[in-house]
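The file start-v4.txt comes next; it holds compact mmCIF, C-alpha atoms and all ligand atoms.
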```
# COMPACT_ATOMS: atom_id res chain seq x y z
CA MET A 2 30.96 3.46 -29.28
CA ASP A 3 28.14 5.63 -27.98
CA ALA A 4 25.00 3.51 -27.76
CA GLY A 5 23.19 6.26 -25.91
CA SER A 6 23.34 4.25 -22.73
CA VAL A 7 22.61 5.93 -19.40
CA LYS A 8 23.28 5.10 -15.78
CA SER A 9 20.31 7.05 -14.49
CA VAL A 10 16.83 7.88 -15.70
CA SER A 11 15.17 11.20 -16.45
CA PHE A 12 11.66 12.21 -15.38
CA ASP A 13 9.21 14.83 -16.61
CA LYS A 14 7.81 17.17 -13.98
CA LEU A 15 5.96 15.03 -11.47
CA ASP A 16 2.75 15.89 -9.60
CA GLY A 17 2.42 13.62 -6.60
CA SER A 18 -0.39 15.58 -4.96
CA LYS A 19 -3.10 12.97 -5.59
CA VAL A 20 -1.22 9.70 -5.33
CA ARG A 21 -0.87 7.36 -2.36
CA ILE A 22 2.44 5.58 -1.92
CA GLY A 23 3.54 2.73 0.34
CA ILE A 24 7.14 2.25 1.42
CA ILE A 25 8.07 -1.17 2.79
CA SER A 26 11.64 -1.31 4.13
CA THR A 27 13.69 -4.20 5.45
CA ARG A 28 15.54 -4.20 8.77
CA TRP A 29 18.55 -6.04 7.33
CA ASN A 30 21.49 -3.76 6.46
CA PRO A 31 19.91 -0.79 8.27
CA LYS A 32 22.52 1.85 7.45
CA VAL A 33 22.00 1.31 3.74
CA VAL A 34 18.26 0.72 3.87
CA ASP A 35 17.54 3.67 6.17
CA ALA A 36 19.37 6.01 3.78
CA LEU A 37 17.42 4.63 0.82
CA GLN A 38 14.11 4.90 2.67
CA GLU A 39 14.85 8.47 3.79
CA GLY A 40 15.91 9.45 0.27
CA ALA A 41 12.70 8.01 -1.12
CA LYS A 42 10.42 9.65 1.46
CA LYS A 43 12.07 13.07 1.06
CA THR A 44 11.73 12.85 -2.72
CA LEU A 45 8.04 11.93 -2.48
CA LEU A 46 7.34 15.00 -0.34
CA GLU A 47 9.45 17.26 -2.59
CA ASN A 48 7.30 16.16 -5.53
CA GLY A 49 4.00 17.00 -3.91
CA VAL A 50 2.98 13.76 -2.22
CA VAL A 51 0.99 14.54 0.93
CA ASP A 52 2.53 13.11 4.11
CA ASP A 53 -0.80 11.48 5.04
CA ASN A 54 -0.72 9.69 1.70
CA VAL A 55 2.56 7.94 2.46
CA PHE A 56 2.25 4.66 4.32
CA GLU A 57 5.46 3.28 5.82
CA THR A 58 6.17 -0.06 7.38
CA SER A 59 9.01 -2.56 7.72
CA VAL A 60 9.66 -6.27 7.40
CA PRO A 61 12.65 -8.31 8.62
CA GLY A 62 14.41 -9.07 5.32
CA SER A 63 14.10 -8.86 1.56
CA TRP A 64 12.60 -12.33 1.41
CA GLU A 65 9.53 -10.95 3.20
CA LEU A 66 8.99 -8.05 0.76
CA PRO A 67 6.78 -9.78 -1.85
CA VAL A 68 4.14 -11.06 0.56
CA ALA A 69 4.09 -7.78 2.49
CA ALA A 70 3.70 -5.91 -0.80
CA ARG A 71 0.83 -8.20 -1.73
CA PHE A 72 -0.99 -7.53 1.57
CA LEU A 73 -0.55 -3.80 1.13
CA ALA A 74 -1.61 -3.88 -2.52
CA LEU A 75 -4.76 -5.81 -1.65
CA SER A 76 -5.65 -3.29 1.05
CA ALA A 77 -6.53 -0.88 -1.80
CA THR A 78 -5.00 2.07 0.03
CA VAL A 79 -1.98 2.79 -2.17
CA ASP A 80 -1.32 3.43 -5.87
CA ALA A 81 2.28 2.20 -5.85
CA ILE A 82 4.62 0.51 -3.41
CA ILE A 83 8.36 1.11 -3.04
CA CYS A 84 10.01 -2.07 -1.74
CA VAL A 85 13.34 -1.15 -0.17
CA GLY A 86 16.03 -3.64 0.78
CA CYS A 87 19.67 -4.50 0.35
CA LEU A 88 21.15 -7.91 -0.34
CA ILE A 89 24.88 -8.26 0.12
CA LYS A 90 26.53 -11.41 -1.14
CA GLY A 91 27.97 -13.58 1.62
CA GLU A 92 29.89 -16.84 1.67
CA THR A 93 26.93 -19.08 0.82
CA SER A 94 24.48 -19.26 -2.05
CA HIS A 95 21.75 -17.64 0.08
CA TYR A 96 22.11 -14.38 -1.84
CA GLU A 97 21.36 -15.94 -5.22
CA TYR A 98 18.21 -17.66 -3.96
CA ILE A 99 16.82 -14.53 -2.37
CA ALA A 100 17.77 -12.00 -5.07
CA ASP A 101 16.20 -14.01 -7.86
CA THR A 102 13.06 -14.94 -5.96
CA VAL A 103 12.38 -11.50 -4.55
CA SER A 104 12.59 -9.84 -7.95
CA THR A 105 10.32 -12.48 -9.49
CA GLY A 106 7.97 -12.23 -6.52
CA LEU A 107 7.61 -8.46 -6.75
CA MET A 108 6.96 -8.63 -10.48
CA SER A 109 4.29 -11.22 -9.81
CA VAL A 110 2.64 -9.07 -7.12
CA GLN A 111 2.45 -5.98 -9.31
CA LEU A 112 1.01 -7.87 -12.26
CA GLN A 113 -1.52 -9.77 -10.12
CA THR A 114 -2.72 -6.76 -8.13
CA SER A 115 -2.32 -3.89 -10.62
CA VAL A 116 -0.42 -1.96 -7.97
CA PRO A 117 3.05 -1.08 -9.28
CA CYS A 118 5.81 -2.44 -7.02
CA ILE A 119 9.05 -0.55 -7.36
CA PHE A 120 12.09 -2.84 -7.19
CA GLY A 121 14.09 -0.97 -4.57
CA VAL A 122 16.37 -3.82 -3.62
CA LEU A 123 20.09 -3.29 -4.05
CA THR A 124 21.83 -6.54 -5.00
CA CYS A 125 25.46 -5.95 -4.18
CA LEU A 126 28.61 -8.04 -4.19
CA THR A 127 30.28 -5.84 -1.55
CA GLU A 128 29.35 -3.40 1.21
CA GLU A 129 31.21 -0.70 -0.70
CA GLN A 130 28.85 -1.12 -3.65
CA ALA A 131 25.87 -0.76 -1.31
CA ALA A 132 27.30 2.36 0.34
CA ALA A 133 27.97 3.99 -3.04
CA ARG A 134 24.31 3.57 -3.96
CA SER A 135 22.84 4.80 -0.68
CA TYR A 136 24.47 6.81 2.13
CA SER A 137 27.75 7.81 0.47
CA GLY A 138 26.98 8.21 -3.19
CA GLU A 139 24.02 8.53 -5.52
CA ASN A 140 21.03 7.59 -3.37
CA HIS A 141 18.86 5.32 -5.49
CA GLY A 142 15.88 5.94 -3.21
CA VAL A 143 15.46 9.24 -5.07
CA SER A 144 14.80 7.68 -8.48
CA TRP A 145 12.69 4.91 -6.93
CA ALA A 146 10.40 7.56 -5.41
CA LYS A 147 10.06 9.36 -8.74
CA THR A 148 9.33 6.08 -10.47
CA ALA A 149 6.66 5.36 -7.86
CA ILE A 150 4.91 8.69 -8.47
CA GLU A 151 4.95 8.20 -12.23
CA MET A 152 3.64 4.65 -11.99
CA ALA A 153 1.02 5.58 -9.37
CA SER A 154 -0.29 8.27 -11.72
CA LEU A 155 -0.29 5.78 -14.58
CA ARG A 156 -2.29 3.34 -12.44
CA GLN A 157 -4.88 5.97 -11.54
CA SER A 158 -5.26 6.97 -15.14
CA ALA A 159 -5.38 3.37 -16.40
CA LEU A 160 -8.05 2.37 -13.86
CA GLY A 161 -10.11 5.52 -14.44
CA ILE A 162 -9.89 6.48 -10.80
CA ASP A 163 -11.52 9.81 -10.06
CA LYS A 164 -8.57 11.44 -8.41
CA LYS A 165 -10.67 13.81 -6.34
CA THR A 166 -13.27 11.78 -4.52
CA THR A 167 -13.99 8.28 -5.68
CA LEU A 168 -12.45 4.89 -6.10
CA ASN A 169 -13.95 3.87 -9.42
CA LEU A 170 -12.93 0.49 -10.73
CA GLY A 171 -15.77 0.44 -13.21
CA PHE A 172 -18.44 -0.95 -10.90
CA GLY A 173 -21.18 0.34 -8.72
CA LYS A 174 -21.62 4.02 -9.22
CA THR A 175 -24.94 4.82 -10.79
CA ASP A 176 -26.82 8.10 -10.88
CA GLY A 177 -27.79 9.14 -7.40
CA ASP A 178 -25.21 7.01 -5.62
CA GLU A 179 -22.97 8.82 -3.19
CA PRO A 180 -19.37 8.62 -4.41
CA LYS A 181 -17.23 6.32 -2.30
CA PRO A 182 -14.58 8.16 -0.32
CA PHE A 183 -11.12 7.79 -1.73
CA PRO A 184 -9.16 6.05 1.04
CA LYS A 185 -5.95 7.64 2.20
CA ALA A 186 -2.79 5.61 2.46
CA ALA A 187 -2.42 6.39 6.13
CA PRO A 188 -5.69 7.82 7.46
CA ASP A 189 -4.74 6.76 10.96
CA LYS A 190 -1.20 5.81 11.81
CA LYS A 191 -2.50 2.92 13.93
CA ILE A 192 -3.97 1.10 10.95
CA TYR A 193 -1.65 -1.35 9.30
CA PHE A 194 -2.55 -3.33 6.23
N1 LIG A 201 17.97 -10.15 4.09
C1 LIG A 201 18.29 -9.02 3.43
O1 LIG A 201 17.41 -8.20 3.17
N2 LIG A 201 19.59 -8.79 3.02
C2 LIG A 201 20.59 -9.67 3.23
O2 LIG A 201 21.74 -9.40 2.86
C3 LIG A 201 20.27 -10.89 3.88
N3 LIG A 201 21.22 -11.83 4.08
C4 LIG A 201 20.88 -12.98 4.69
C5 LIG A 201 21.87 -13.98 4.87
C6 LIG A 201 21.53 -15.17 5.49
C7 LIG A 201 22.59 -16.21 5.67
C8 LIG A 201 20.20 -15.38 5.98
C9 LIG A 201 19.83 -16.65 6.68
C10 LIG A 201 19.25 -14.41 5.80
C11 LIG A 201 19.56 -13.21 5.17
N4 LIG A 201 18.59 -12.23 4.98
C12 LIG A 201 18.92 -11.09 4.32
C13 LIG A 201 17.23 -12.36 5.57
C14 LIG A 201 16.17 -12.90 4.61
O3 LIG A 201 15.77 -11.91 3.68
C15 LIG A 201 14.91 -13.32 5.42
O4 LIG A 201 14.51 -12.27 6.25
C16 LIG A 201 15.16 -14.55 6.28
O5 LIG A 201 15.71 -15.60 5.52
C17 LIG A 201 13.85 -15.03 6.95
O6 LIG A 201 12.88 -15.37 5.98
```
Show this structure as C-alpha cells.
Amino acid sequence: MDAGSVKSVSFDKLDGSKVRIGIISTRWNPKVVDALQEGAKKTLLENGVVDDNVFETSVPGSWELPVAARFLALSATVDAIICVGCLIKGETSHYEYIADTVSTGLMSVQLQTSVPCIFGVLTCLTEEQAAARSYSGENHGVSWAKTAIEMASLRQSALGIDKKTTLNLGFGKTDGDEPKPFPKAAPDKKIYF
C-alpha cells in the first residue's frame, strides 16, 4: 500500500541571508557528531547564511543540550538553534532516560523561548545506524540545517522582526527613536552566550 510516506523532507528554495543560527554540538560520539555538525554548517552557508551569523559551541553530552539551548535562546542572538548529538544504546537503561528527556527538554525550550530548537539528536540502537545517518550515508545534518533556516525565517516573520536593522518585539520604538541594532549571532568570536 502506498500511503505517500517519505523518508526525507522536501524544502522550497531557502534564503538564509538574514537569519542567525546557533549550532550546539556534543563531544560524545565525535566521529558521528562532527560529520553531522559539518554537514549542517556547510548547508547553512550554501543556502545563504552569513558565516558571522552562525554561532557554534559544544557541550559534553546530549543531556546538556536543553539547558545550553535555553541559555543561547535567551541571549537573543539567534533565530533558531540546531542541537546536534548522538545517543547510542548501551547495556544499561541510560539511553532511554536521556533520549526521552532531551527530546522533551528541547521541545520545552523552543516553546518557552520562541526560538525554534531543531532536534538534531540521532537515537540509535547500533553504531552502524549512526554511521549510516552521518559520515557514511545520508547526512541528516543537511536537512536539520534547512529546517533551521525555514524555522528561523518563520520566527522572524511571526515576531515582526525588521530583518534589516531592528529587533522589534512590539515594544519601544516610537517615532524619532533610533532603531536598535540587530545583533549578530557571532559579532565577536570571543563572546559566548
Ligand atoms: N551522551 C551522548 O550524547 N551520547 C551517548 O551515547 C551517551 N552515552 C552515555 C552513557 C553513559 C553510561 C553515561 C554515564 C553518559 C552518556 N552520555 C552520552 C553523556 C550524557 O549525555 C551526559 O553528558 C552525562 O551524563 C553528564 O551529564
Note to self: List as a ChimeraX atom specification the protein and nucleic acid residues lying within 10 Å of ligand LIG 201 (chain A), with all atoms listed in the file counted.
What the structure shows: /A:26-31,34,60-66,85-96,98-100,103,122-126,128
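Nearest to Asn54 in chain A of all the residues A:Leu155, A:Ile119, A:Val68, A:Ile82 is A:Ile82, counting only C-alpha atoms.
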Margin query: Show me, as a VMD selection string, the residues that have an atom within 7 Å of Ile22 in chain A when counting only C-alpha atoms, minus same-chain residues fewer than 2 positions from it.
Written below: chain A and resid 20 24 54 to 56 79 to 82 186
Taking C-alpha atoms for each residue, export the selection above as a PDB file, in the frame of the given file.
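The result, stored in selection.pdb:
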```pdb
ATOM      1  CA  VAL A  20      -1.220   9.700  -5.330  1.00  0.00           C
ATOM      2  CA  ILE A  24       7.140   2.250   1.420  1.00  0.00           C
ATOM      3  CA  ASN A  54      -0.720   9.690   1.700  1.00  0.00           C
ATOM      4  CA  VAL A  55       2.560   7.940   2.460  1.00  0.00           C
ATOM      5  CA  PHE A  56       2.250   4.660   4.320  1.00  0.00           C
ATOM      6  CA  VAL A  79      -1.980   2.790  -2.170  1.00  0.00           C
ATOM      7  CA  ASP A  80      -1.320   3.430  -5.870  1.00  0.00           C
ATOM      8  CA  ALA A  81       2.280   2.200  -5.850  1.00  0.00           C
ATOM      9  CA  ILE A  82       4.620   0.510  -3.410  1.00  0.00           C
ATOM     10  CA  ALA A 186      -2.790   5.610   2.460  1.00  0.00           C
TER      11      ALA A 186
END
```
Next item on the list: Counting all atoms listed in the file, figure out which residue out of A:Leu160, A:Val7, A:Ala132, A:Ala70 gets nearest to Gln111 in chain A.
Entry: A:Ala70
Note to self: At a cut-off of 10 Å, using all atoms listed in the file, what residues contact Arg134 in chain A? Leave out same-chain residues fewer than 6 positions from it and give the result as a ChimeraX atom specification.
What the structure shows: /A:33,36-37,123,125,140-142
Notebook entry, point to check: Do you have the CA of Asp13 in chain A-CA of Ser144 in chain A distance handy?
Noted result: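 That distance, rounded to one decimal, is 12.2 Å.
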Check: Quick one: of A:Pro117, A:Pro67, A:Ser9, A:Glu47, who's nearest to Glu151 in chain A, counting all atoms listed in the file?
Finding: A:Pro117
Notebook entry, point to check: Closest to Lys147 in chain A among A:Leu112, A:Leu75, A:Ile83, A:Ala133, using all atoms listed in the file?
Noted result: A:Ile83
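You can rank A:Gln38, A:Ser76, A:Thr44, A:Gln157 by their closest distance to Thr114 in chain A using all atoms listed in the file, and at the top of that list sits A:Ser76.
Atom pair CA of Ile150 in chain A / CA of Lys14 in chain A: separated by 10.5 Å.
Reported to one decimal place, the separation of CA of Ala74 in chain A from CA of Val116 in chain A is 5.9 Å.
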Check: Using only C-alpha atoms, which of A:Gly161, A:Ser104, A:Ser135, A:Gly23 sits nearest Phe120 in chain A?
Finding: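 Closest candidate: A:Ser104.
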